[in-house]
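The data block below is entry.txt; it holds compact mmCIF, C-alpha atoms.
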```txt
# COMPACT_ATOMS: atom_id res chain seq x y z
CA MET A 918 -93.41 233.64 63.78
CA ARG A 919 -90.99 231.24 62.14
CA LEU A 920 -89.30 230.57 65.49
CA ILE A 921 -92.68 229.84 67.14
CA PHE A 922 -93.54 227.42 64.33
CA SER A 923 -90.16 225.70 64.67
CA LEU A 924 -90.61 225.30 68.42
CA LEU A 925 -94.07 223.83 67.92
CA LEU A 926 -92.68 221.43 65.35
CA PHE A 927 -89.87 220.45 67.70
CA THR A 928 -92.40 219.73 70.47
CA PHE A 929 -94.37 217.57 68.07
CA LEU A 930 -91.23 215.66 67.10
CA GLN A 931 -90.41 215.03 70.74
CA PHE A 932 -93.83 213.41 71.09
CA VAL A 933 -93.35 211.34 67.95
CA TRP A 934 -90.00 210.12 69.21
CA SER A 935 -91.51 209.23 72.57
CA GLN A 936 -93.79 206.87 70.66
CA ASN A 937 -90.72 205.14 69.20
CA GLU A 938 -91.50 206.25 65.67
CA TRP A 939 -88.83 207.12 63.14
CA THR A 940 -89.37 210.42 61.35
CA THR A 941 -87.27 212.66 59.13
CA ASN A 942 -89.57 215.71 59.37
CA ASP A 943 -87.38 217.48 61.89
CA ILE A 944 -86.27 221.07 62.45
CA SER A 945 -83.61 222.77 60.37
CA TYR A 946 -79.98 222.95 61.41
CA LYS A 947 -80.30 226.72 61.88
CA ASP A 948 -83.34 226.35 64.15
CA ALA A 949 -81.57 223.58 66.07
CA LEU A 950 -78.73 226.03 66.82
CA ILE A 951 -81.25 228.56 68.15
CA GLN A 952 -82.96 225.90 70.26
CA ALA A 953 -79.59 224.61 71.54
CA GLN A 954 -78.58 228.08 72.68
CA LYS A 955 -81.94 228.68 74.34
CA GLU A 956 -81.95 225.37 76.24
CA ASN A 957 -78.18 225.28 76.81
CA LYS A 958 -77.92 221.85 75.16
CA PRO A 959 -75.64 220.48 72.45
CA ILE A 960 -77.03 219.23 69.15
CA PHE A 961 -77.11 215.57 68.16
CA THR A 962 -77.14 215.04 64.38
CA MET A 963 -77.51 211.78 62.51
CA LEU A 964 -76.40 211.84 58.87
CA TYR A 965 -77.93 209.00 56.87
CA ALA A 966 -79.03 207.88 53.42
CA THR A 967 -82.22 206.00 52.63
CA TRP A 968 -80.23 203.34 50.72
CA CYS A 969 -77.71 202.75 53.54
CA PRO A 970 -78.37 199.38 55.27
CA HIS A 971 -76.37 200.35 58.37
CA CYS A 972 -78.40 203.55 58.70
CA ASN A 973 -81.64 201.62 58.40
CA ASN A 974 -80.48 199.07 60.96
CA MET A 975 -79.79 201.88 63.44
CA LYS A 976 -83.19 203.45 62.73
CA ASN A 977 -84.97 200.15 63.23
CA SER A 978 -83.15 199.01 66.36
CA VAL A 979 -81.16 201.51 68.43
CA PHE A 980 -83.37 204.50 67.62
CA LYS A 981 -86.54 202.61 68.44
CA ASP A 982 -85.30 201.89 71.96
CA SER A 983 -86.97 204.14 74.53
CA LYS A 984 -83.78 204.31 76.61
CA VAL A 985 -81.89 205.82 73.69
CA LEU A 986 -84.66 208.21 72.72
CA ASP A 987 -85.19 209.41 76.28
CA PHE A 988 -81.48 210.00 76.78
CA LEU A 989 -81.09 211.90 73.52
CA ASN A 990 -84.19 214.03 74.04
CA ASN A 991 -83.23 214.86 77.63
CA ASN A 992 -79.68 215.90 76.78
CA TYR A 993 -79.61 217.06 73.15
CA ILE A 994 -81.47 218.91 70.44
CA CYS A 995 -81.85 216.11 67.87
CA ILE A 996 -81.87 216.48 64.10
CA TRP A 997 -81.71 213.82 61.38
CA LYS A 998 -80.41 214.73 57.94
CA ASP A 999 -80.36 212.84 54.64
CA ILE A 1000 -76.96 213.39 53.00
CA GLU A 1001 -78.63 213.49 49.58
CA LYS A 1002 -80.68 216.53 50.54
CA GLU A 1003 -79.57 220.15 50.87
CA GLU A 1004 -79.01 220.41 54.62
CA GLY A 1005 -77.48 216.96 54.88
CA ILE A 1006 -75.03 217.75 52.09
CA ALA A 1007 -74.05 221.04 53.75
CA ILE A 1008 -73.49 219.46 57.19
CA LYS A 1009 -71.51 216.58 55.71
CA GLU A 1010 -69.22 219.02 53.89
CA LYS A 1011 -68.93 221.40 56.84
CA TYR A 1012 -67.72 218.70 59.22
CA ASN A 1013 -65.79 216.70 56.58
CA THR A 1014 -67.42 213.36 57.35
CA SER A 1015 -67.16 210.10 55.45
CA GLY A 1016 -68.99 206.79 55.68
CA LEU A 1017 -72.52 206.18 56.96
CA PRO A 1018 -74.21 206.52 59.30
CA VAL A 1019 -72.44 209.45 60.98
CA PHE A 1020 -73.38 210.93 64.37
CA LEU A 1021 -72.20 214.42 65.23
CA PHE A 1022 -72.35 216.10 68.63
CA ILE A 1023 -72.13 219.87 68.17
CA ASP A 1024 -72.46 222.84 70.52
CA SER A 1025 -74.52 225.95 69.77
CA ASN A 1026 -71.40 227.71 68.41
CA GLU A 1027 -71.06 224.93 65.81
CA THR A 1028 -67.97 223.45 67.48
CA LEU A 1029 -67.73 219.72 66.91
CA LEU A 1030 -67.54 218.07 70.32
CA TYR A 1031 -67.61 214.39 69.38
CA ALA A 1032 -68.26 212.19 66.36
CA LEU A 1033 -69.17 208.57 65.70
CA LYS A 1034 -69.72 206.54 62.57
CA GLY A 1035 -71.12 203.11 61.74
CA GLU A 1036 -73.50 200.76 63.47
CA SER A 1037 -73.42 200.07 67.18
CA LYS A 1038 -75.48 198.28 69.83
CA THR A 1039 -77.84 200.14 72.12
CA GLU A 1040 -75.71 200.14 75.28
CA ALA A 1041 -72.55 201.08 73.38
CA PHE A 1042 -74.33 203.96 71.68
CA ILE A 1043 -75.71 205.33 74.96
CA GLN A 1044 -72.22 205.13 76.49
CA GLU A 1045 -70.76 207.13 73.60
CA ALA A 1046 -73.57 209.69 73.79
CA GLN A 1047 -72.73 210.07 77.50
CA ASN A 1048 -69.03 210.46 76.68
CA ALA A 1049 -69.93 213.27 74.29
CA LEU A 1050 -71.30 215.25 77.24
CA ASN A 1051 -68.06 214.97 79.24
CA PRO A 1052 -65.83 218.02 78.53
CA LYS A 1053 -62.66 216.03 79.23
CA LEU A 1054 -63.59 213.41 76.59
CA GLN A 1055 -64.55 215.90 73.90
CA LEU A 1056 -62.42 216.57 70.83
CA PRO A 1057 -61.61 220.27 71.55
CA PHE A 1058 -60.25 219.43 75.01
CA LEU A 1059 -58.24 216.43 73.77
CA GLU A 1060 -56.84 218.43 70.85
CA ASN A 1061 -55.74 221.27 73.14
CA GLN A 1062 -54.17 218.80 75.58
CA PHE A 1063 -52.21 217.22 72.75
CA LEU A 1064 -51.09 220.45 71.08
CA SER A 1065 -49.86 221.83 74.40
CA ASP A 1066 -47.51 218.83 74.72
CA LYS A 1067 -46.83 217.53 71.20
CA ALA A 1068 -44.23 214.97 72.26
CA ASN A 1069 -46.58 213.28 74.72
CA SER A 1070 -47.48 209.92 73.22
CA ASN A 1071 -50.36 209.24 75.61
CA LYS A 1072 -52.08 212.55 74.87
CA CYS A 1073 -51.57 212.03 71.14
CA LEU A 1074 -52.99 208.51 71.24
CA GLU A 1075 -56.00 209.54 73.34
CA TYR A 1076 -56.83 212.28 70.83
CA LEU A 1077 -56.35 209.94 67.85
CA MET A 1078 -58.50 207.17 69.29
CA THR A 1079 -61.37 209.60 69.89
CA LEU A 1080 -60.99 211.08 66.40
CA ARG A 1081 -61.00 207.58 64.94
CA LYS A 1082 -64.52 206.94 66.23
CA GLY A 1083 -65.94 209.39 63.72
CA PHE A 1084 -63.36 209.98 61.00
CA ASP A 1085 -61.16 208.11 58.54
CA ARG A 1086 -57.38 207.78 58.75
CA LYS A 1087 -56.77 210.84 56.57
CA THR A 1088 -58.23 213.04 59.32
CA LEU A 1089 -55.94 211.34 61.84
CA SER A 1090 -52.87 211.87 59.64
CA LYS A 1091 -52.19 215.53 60.54
CA PRO A 1092 -51.99 215.16 64.35
CA THR A 1093 -50.15 211.86 63.90
CA HIS A 1094 -47.33 213.53 61.98
CA ILE A 1095 -47.24 216.49 64.36
CA TYR A 1096 -46.39 213.99 67.09
CA LEU A 1097 -44.09 211.77 65.03
CA GLU A 1098 -41.95 214.76 64.06
CA THR A 1099 -40.91 214.86 67.73
CA GLN A 1100 -39.64 211.26 67.55
CA SER A 1101 -36.33 210.00 66.20
CA ASP A 1102 -36.27 206.92 63.98
CA LYS A 1103 -35.15 204.69 66.86
CA GLN A 1104 -37.88 206.08 69.12
CA LEU A 1105 -40.51 204.92 66.64
CA VAL A 1106 -39.97 201.31 67.67
CA SER A 1107 -42.18 201.07 70.75
CA GLU A 1108 -45.61 199.62 71.43
CA ILE A 1109 -47.32 203.00 71.89
CA ASN A 1110 -45.62 204.56 68.86
CA TRP A 1111 -46.66 201.55 66.81
CA ARG A 1112 -50.28 202.20 67.83
CA ILE A 1113 -49.94 205.83 66.71
CA ILE A 1114 -48.36 204.79 63.40
CA SER A 1115 -50.96 202.09 62.85
CA ASN A 1116 -53.87 204.44 63.43
CA GLY A 1117 -52.62 207.62 61.80
CA VAL A 1118 -49.98 207.01 59.13
CA THR A 1119 -51.57 206.90 55.67
CA ASP A 1120 -48.69 207.90 53.39
CA ILE A 1121 -46.90 204.86 52.05
CA GLN A 1122 -43.83 206.99 51.25
CA SER A 1123 -43.67 208.69 54.64
CA ARG A 1124 -40.53 208.47 56.78
CA GLU A 1125 -42.37 206.48 59.42
CA PHE A 1126 -43.88 203.85 57.13
CA GLN A 1127 -40.65 203.39 55.21
CA TYR A 1128 -38.90 202.90 58.54
CA VAL A 1129 -41.47 200.21 59.42
CA LEU A 1130 -40.69 198.39 56.17
CA LYS A 1131 -36.94 198.55 56.72
CA ASN A 1132 -37.21 197.46 60.37
CA LYS A 1133 -40.19 195.13 60.13
CA ALA A 1134 -38.76 192.54 62.54
CA ASP A 1135 -38.21 195.16 65.25
CA PHE A 1136 -41.79 196.39 64.99
CA GLU A 1137 -43.06 192.82 65.06
CA LYS A 1138 -41.33 192.40 68.41
CA ALA A 1139 -42.80 195.68 69.69
CA THR A 1140 -46.35 194.68 68.73
CA SER A 1141 -46.95 191.44 66.77
CA PRO A 1142 -46.25 190.08 63.27
CA LEU A 1143 -49.99 189.98 62.53
CA ARG A 1144 -50.51 193.65 63.37
CA VAL A 1145 -47.56 194.78 61.29
CA GLU A 1146 -48.72 192.69 58.35
CA ARG A 1147 -52.27 194.02 58.69
CA LYS A 1148 -51.04 197.63 58.63
CA ILE A 1149 -48.93 197.04 55.54
CA ILE A 1150 -51.85 195.41 53.73
CA ASN A 1151 -54.25 198.19 54.80
CA ILE A 1152 -51.99 200.98 53.61
CA VAL A 1153 -51.71 199.36 50.16
CA SER A 1154 -55.46 198.87 50.05
CA GLU A 1155 -56.13 202.49 51.04
CA LEU A 1156 -53.70 203.63 48.35
CA LEU A 1157 -55.11 201.62 45.43
CA GLU A 1158 -58.78 200.92 46.09
CA PRO A 1159 -60.05 204.49 45.51
CA HIS A 1160 -58.59 204.43 41.98
CA THR A 1161 -60.44 201.20 41.15
CA LEU A 1162 -63.69 202.84 42.27
CA THR A 1163 -63.16 206.04 40.26
CA LEU A 1164 -61.63 204.10 37.34
CA ASP A 1165 -58.62 206.42 37.42
CA SER A 1166 -56.09 204.26 35.57
CA VAL A 1167 -53.39 206.95 35.43
CA SER A 1168 -53.32 207.44 39.22
CA TYR A 1169 -53.68 203.70 39.77
CA PHE A 1170 -50.57 202.77 37.81
CA LYS A 1171 -48.61 205.60 39.42
CA ASP A 1172 -49.47 204.43 42.93
CA ARG A 1173 -49.24 200.77 41.95
CA ALA A 1174 -45.54 201.28 41.18
CA ILE A 1175 -45.07 202.65 44.71
CA ALA A 1176 -46.97 199.73 46.27
CA LYS A 1177 -44.90 197.17 44.33
CA THR A 1178 -41.74 198.40 46.07
CA ILE A 1179 -42.90 196.69 49.28
CA HIS A 1180 -42.07 193.20 47.91
CA LEU A 1181 -44.28 191.08 50.16
CA GLN A 1182 -46.30 188.09 48.96
CA LYS A 1183 -49.53 189.32 50.55
CA THR A 1184 -49.27 192.85 49.19
CA ASP A 1185 -48.33 191.54 45.73
CA SER A 1186 -51.40 189.27 45.90
CA LEU A 1187 -53.56 192.25 46.86
CA ILE A 1188 -52.16 194.30 43.97
CA PHE A 1189 -52.95 191.40 41.63
CA SER A 1190 -56.54 191.45 42.83
CA TYR A 1191 -56.80 195.22 42.24
CA ASP A 1192 -55.20 194.81 38.80
CA LEU A 1193 -57.96 192.43 37.76
CA THR A 1194 -60.67 194.60 39.31
CA LEU A 1195 -59.53 197.73 37.48
CA ALA A 1196 -59.02 195.85 34.20
CA GLU A 1197 -62.52 194.36 34.39
CA ARG A 1198 -64.22 197.63 35.35
CA THR A 1199 -62.45 199.55 32.58
CA GLN A 1200 -62.87 196.63 30.15
CA ASN A 1201 -59.14 196.65 29.49
CA TRP A 1202 -59.00 193.00 28.46
CA GLY A 1203 -55.40 193.21 27.28
CA PHE A 1204 -54.28 194.24 30.76
CA TYR A 1205 -56.62 191.66 32.30
CA LYS A 1206 -55.10 188.90 30.19
CA LYS A 1207 -51.51 190.00 30.89
CA SER A 1208 -52.09 190.29 34.65
CA SER A 1209 -53.97 187.01 34.98
CA LEU A 1210 -51.47 185.02 32.92
CA GLU A 1211 -48.64 186.38 35.09
CA GLY A 1212 -50.31 186.11 38.48
CA THR A 1213 -53.12 183.54 38.66
CA GLU A 1214 -50.98 180.51 39.50
CA LYS A 1215 -48.76 182.61 41.76
CA TYR A 1216 -51.49 184.22 43.86
CA VAL A 1217 -54.78 182.29 43.65
CA TRP A 1218 -53.72 178.73 42.78
CA ASN A 1219 -55.33 177.38 45.93
CA THR A 1220 -58.51 179.50 45.79
CA PRO A 1221 -61.11 177.65 43.68
CA ASN A 1222 -63.69 180.42 43.46
CA GLN A 1223 -61.18 182.99 42.22
CA LEU A 1224 -59.81 180.51 39.67
CA LYS A 1225 -63.34 180.04 38.34
CA GLU A 1226 -64.05 183.77 38.30
CA ILE A 1227 -60.96 184.49 36.20
CA ALA A 1228 -61.72 181.60 33.84
CA GLN A 1229 -65.30 182.88 33.48
CA VAL A 1230 -63.98 186.26 32.31
CA TYR A 1231 -61.81 184.46 29.76
CA LEU A 1232 -64.81 182.54 28.46
CA LYS A 1233 -66.76 185.77 28.00
CA GLU A 1234 -64.11 188.26 26.88
CA ILE A 1235 -60.93 186.55 25.61
CA LYS A 1236 -60.88 184.55 22.37
CA ASP A 1237 -57.20 183.60 22.09
CA THR A 1238 -57.02 179.78 22.02
CA ASN A 1239 -53.80 179.50 24.04
CA ALA A 1240 -55.21 181.83 26.70
CA LEU A 1241 -58.43 179.79 26.83
CA LYS A 1242 -56.36 176.66 27.38
CA LYS A 1243 -54.82 178.36 30.44
CA ALA A 1244 -58.33 179.16 31.65
CA ILE A 1245 -59.14 175.46 31.29
CA ASP A 1246 -56.10 174.59 33.41
CA TRP A 1247 -57.28 177.02 36.10
CA THR A 1248 -60.79 175.59 36.03
CA LYS A 1249 -59.49 172.03 36.31
CA ARG A 1250 -57.35 173.10 39.26
CA SER A 1251 -60.46 174.57 40.93
CA LEU A 1252 -62.19 171.20 40.42
CA GLU A 1253 -59.27 169.41 42.08
CA LEU A 1254 -59.85 171.63 45.10
CA ASN A 1255 -63.66 171.55 44.98
CA ASN A 1256 -65.54 169.42 42.47
CA THR A 1257 -68.64 171.51 41.75
CA ALA A 1258 -71.38 171.50 39.13
CA ASP A 1259 -70.65 175.07 38.05
CA GLY A 1260 -66.93 174.31 37.76
CA ASN A 1261 -67.62 171.32 35.48
CA LEU A 1262 -70.08 173.37 33.43
CA LEU A 1263 -67.46 176.12 33.03
CA ALA A 1264 -64.84 173.58 31.91
CA ALA A 1265 -67.32 172.16 29.39
CA ARG A 1266 -68.01 175.59 27.93
CA LEU A 1267 -64.32 176.46 27.74
CA TYR A 1268 -63.54 173.21 25.93
CA TRP A 1269 -66.43 173.83 23.56
CA GLU A 1270 -65.07 177.34 22.92
CA ILE A 1271 -61.83 175.80 21.58
CA LYS A 1272 -63.84 173.15 19.67
CA ASP A 1273 -62.81 170.17 21.82
CA LYS A 1274 -66.19 168.42 21.77
CA LYS A 1275 -65.02 165.21 23.46
CA SER A 1276 -63.70 167.00 26.53
CA ALA A 1277 -66.68 169.35 26.56
CA LEU A 1278 -69.05 166.37 26.72
CA GLU A 1279 -67.02 164.75 29.50
CA TYR A 1280 -67.27 167.78 31.78
CA ALA A 1281 -70.87 168.51 30.79
CA ASN A 1282 -71.85 165.00 31.85
CA ASN A 1283 -69.95 165.45 35.13
CA ALA A 1284 -71.96 168.62 35.78
CA LYS A 1285 -75.21 166.87 34.88
CA ALA A 1286 -74.46 164.03 37.33
CA ILE A 1287 -73.83 166.43 40.21
CA ILE A 1288 -76.93 168.50 39.41
CA THR A 1289 -79.12 165.38 39.19
CA GLU A 1290 -77.77 164.02 42.48
CA MET A 1291 -78.46 167.32 44.23
CA GLY A 1292 -81.89 167.77 42.67
CA TRP A 1293 -81.03 171.19 41.22
CA ASN A 1294 -82.41 172.94 38.14
CA SER A 1295 -80.66 171.45 35.09
CA LYS A 1296 -81.80 173.98 32.47
CA ASP A 1297 -78.32 175.38 31.64
CA ILE A 1298 -76.52 172.04 31.45
CA ASP A 1299 -79.35 170.46 29.45
CA ALA A 1300 -79.10 173.29 26.92
CA LEU A 1301 -75.35 172.76 26.56
CA LEU A 1302 -75.67 168.98 26.25
CA LYS A 1303 -78.33 169.43 23.56
CA GLU A 1304 -76.01 171.77 21.64
CA LEU A 1305 -73.05 169.39 22.00
CA ASN A 1306 -75.01 166.34 20.88
CA MET A 1307 -76.40 168.14 17.83
CA LYS A 1308 -73.00 168.96 16.38
```
Could you spell out this file's structure in structure tokens?
Amino acid sequence: MRLIFSLLLFTFLQFVWSQNEWTTNDISYKDALIQAQKENKPIFTMLYATWCPHCNNMKNSVFKDSKVLDFLNNNYICIWKDIEKEEGIAIKEKYNTSGLPVFLFIDSNETLLYALKGESKTEAFIQEAQNALNPKLQLPFLENQFLSDKANSNKCLEYLMTLRKGFDRKTLSKPTHIYLETQSDKQLVSEINWRIISNGVTDIQSREFQYVLKNKADFEKATSPLRVERKIINIVSELLEPHTLTLDSVSYFKDRAIAKTIHLQKTDSLIFSYDLTLAERTQNWGFYKKSSLEGTEKYVWNTPNQLKEIAQVYLKEIKDTNALKKAIDWTKRSLELNNTADGNLLAARLYWEIKDKKSALEYANNAKAIITEMGWNSKDIDALLKELNMK
């Protein structure tokens, strides 16, 4: 009886989809497996969240296109699962997905054939959904081809590039290192091996990445300076950013020490940015002050918005007069680069914080002049001027 009900529901959903309507009242994963076996079709699964803008964009564009719906309904059993609900959580964990939206192409034996993630345009999505039907483009075939010839760079790269469509670099790491173990250090320096390293190496302390750092010029010749630099920056970002999100200071400082061994201006600048982010999120104002005093002029001296952001934190959280004077210097530098109303207002407030009324009035009047000229709301600056003129 349950199977009959599920089949009726599936038929109803097919009709709803043919009317270009989005619905989440679809059949269960278990019933989709039964239906897939009966009709000899794979399953197409979209994993989404109601709060995900990319998911909603796909729902409201690609999945309202009749070409897409017709293709999916003709070739797949389609299910749509919210990752915050029971079945969505289970599928996400089973197939080890990350990011949103995620699209899984699965056979009736629950073998993952193909995976995609993120937004795409209609034609690109249809092409990928067609690729997922081709046995020679599916993950099991590509994996077997690679594992049967582990030293074959082309087979490795083809497998990695298909994996990359649906998974993060950590998933790519295992096959990457299986291949790289077949390569000597000198063999690493080639265009195709660089592509494999770039896509699949995630361990900053790995043999391969350390070899890249020691032989940076050689790899730049094999690919390009920009690509090598981008990889180095990405690997530092992937190492440190998760700790700033989880507020794991212990792991952050452990991995930060590893990242600092790279000794490049751009990676040091990135670490500085993460230092401030972690300090602000954990409200560790002592570390924020130490990091900003050491690094602001070195890393963001020519970036007016960042100079103002750091100075704004000082105004709110740091009361040391000498430190506030540095924040004033940073704000004045931002005004040299871009003379804005908010920058002048910030300078006025910082001067007022250290009781320099004359300078506070000067910058407050500068802000007022800009605001008046632009016809903007002057409520904040008027309040400050009133306070300054009363004392």
My list of candidates is A:Ser1186, A:Gly1260, A:Asp1172, A:Leu1241. Which is closest to A:Lys1215 when distances are computed with only C-alpha atoms?
A:Ser1186
Near A:Phe961, within 12 Å and counting all atoms listed in the file, which residues show up once chain neighbours fewer than 2 positions away are dropped, as JSON, numbers by chain?
{"A": [946, 949, 950, 953, 958, 959, 963, 964, 986, 988, 989, 990, 991, 992, 993, 994, 995, 996, 997, 998, 1019, 1020, 1021, 1022, 1023, 1024, 1025, 1027, 1029, 1030, 1031, 1032, 1033, 1045, 1046, 1047, 1049, 1050]}
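The residue that comes closest to A:Asn1255, out of A:Met1307, A:Leu1224, A:Val1167, A:Leu1157 and on the basis of all atoms listed in the file, is A:Leu1224.
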Which residues, written as an NGL selection string, have at least one atom at most 10 Å from A:Gln1223, with only C-alpha atoms counted and residues fewer than 6 positions away on the same chain left out?
:A and (1190 or 1213 or 1216-1217 or 1229 or 1247-1248 or 1251)
Find the residues around A:Thr1079 up to 8 Å (all atoms listed in the file counted), leave out those fewer than 4 positions away in its own chain, and share them as a PyMOL selection string.
chain A and resi 1031+1056+1075+1083
Quick one: everything within 10 Å of A:Gly1016, counting all atoms listed in the file, minus sequence neighbours fewer than 6 positions away in the same chain. Send it as a PDB file with C-alpha atoms, in the coordinates of the input.
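Output file result38.pdb is given in full below:
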```pdb
ATOM      1  CA  LEU A 964     -76.400 211.840  58.870  1.00  0.00           C
ATOM      2  CA  TYR A 965     -77.930 209.000  56.870  1.00  0.00           C
ATOM      3  CA  CYS A 969     -77.710 202.750  53.540  1.00  0.00           C
ATOM      4  CA  LYS A1034     -69.720 206.540  62.570  1.00  0.00           C
ATOM      5  CA  GLY A1035     -71.120 203.110  61.740  1.00  0.00           C
ATOM      6  CA  GLY A1083     -65.940 209.390  63.720  1.00  0.00           C
ATOM      7  CA  PHE A1084     -63.360 209.980  61.000  1.00  0.00           C
ATOM      8  CA  ASP A1085     -61.160 208.110  58.540  1.00  0.00           C
TER       9      ASP A1085
END
```
Expressed in Å to a single decimal, how great is the separation between atom CA of A:Ser1209 and atom CA of A:Lys1236?
14.6 Å
Selection near stretch 1142-1149 of chain A, 8 Å with all atoms listed in the file, sequence-local residues under 3 positions removed, as an MDAnalysis selection string:
chainID A and resid 1115 1133:1134 1136:1138 1152:1153 1184
As JSON, please report the centre and edge lengths, rounded to one decimal in Å, of the axis-aligned box that holds all listed atoms of stretch 1238-1247 of chain A with 8 Å of padding on each of the six sides.
```
{"center_x": -56.5, "center_y": 178.2, "center_z": 29.1, "size_x": 21.3, "size_y": 23.2, "size_z": 30.1}
```
Residue nearest A:Thr967 - candidates A:Lys1233, A:Lys1303, A:Lys1272, A:Lys1002, atoms counted: all atoms listed in the file:
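Closest to A:Thr967 of all the choices is A:Lys1002.
Distances from A:Ala1264, A:Ile1006, A:Ala1244, A:Ala1068 to A:Asn1283 were compared using only C-alpha atoms, and the smallest one belongs to A:Ala1264.
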Which value, in Å to one decimal, gives the distance between atom CA of A:Val1106 and atom CA of A:Phe1126?
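According to the coordinates, atom CA of A:Val1106 and atom CA of A:Phe1126 are separated by 11.5 Å.
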Restricting the calculation to all atoms listed in the file, which member of A:Ser1166, A:Ala966, A:Arg1081, A:Leu1074 is positioned closest to A:Thr1093?
A:Leu1074
For atom CA of A:Leu1097 and atom CA of A:Ile1113, the interatomic separation in Å (one decimal):
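One can read the atom CA of A:Leu1097 to atom CA of A:Ile1113 distance as 8.5 Å.
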Which is closest to A:Ile960 among A:Asn1013, A:Thr1028, A:Ser1154, A:Ser978, if we use all atoms listed in the file?
A:Thr1028
Counting all atoms listed in the file, which residues sit no farther than 9 Å from the position (-56.4, 217.1, 74.8) in the file's frame? I'd like them as a list in words.
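Every polymer residue passing the test: Lys1053, Leu1054, Gln1055, Leu1056, Pro1057, Phe1058, Leu1059, Glu1060, Asn1061, Gln1062, Phe1063, Leu1064, Ser1065, Lys1072, Cys1073, Glu1075 and Tyr1076 of chain A.
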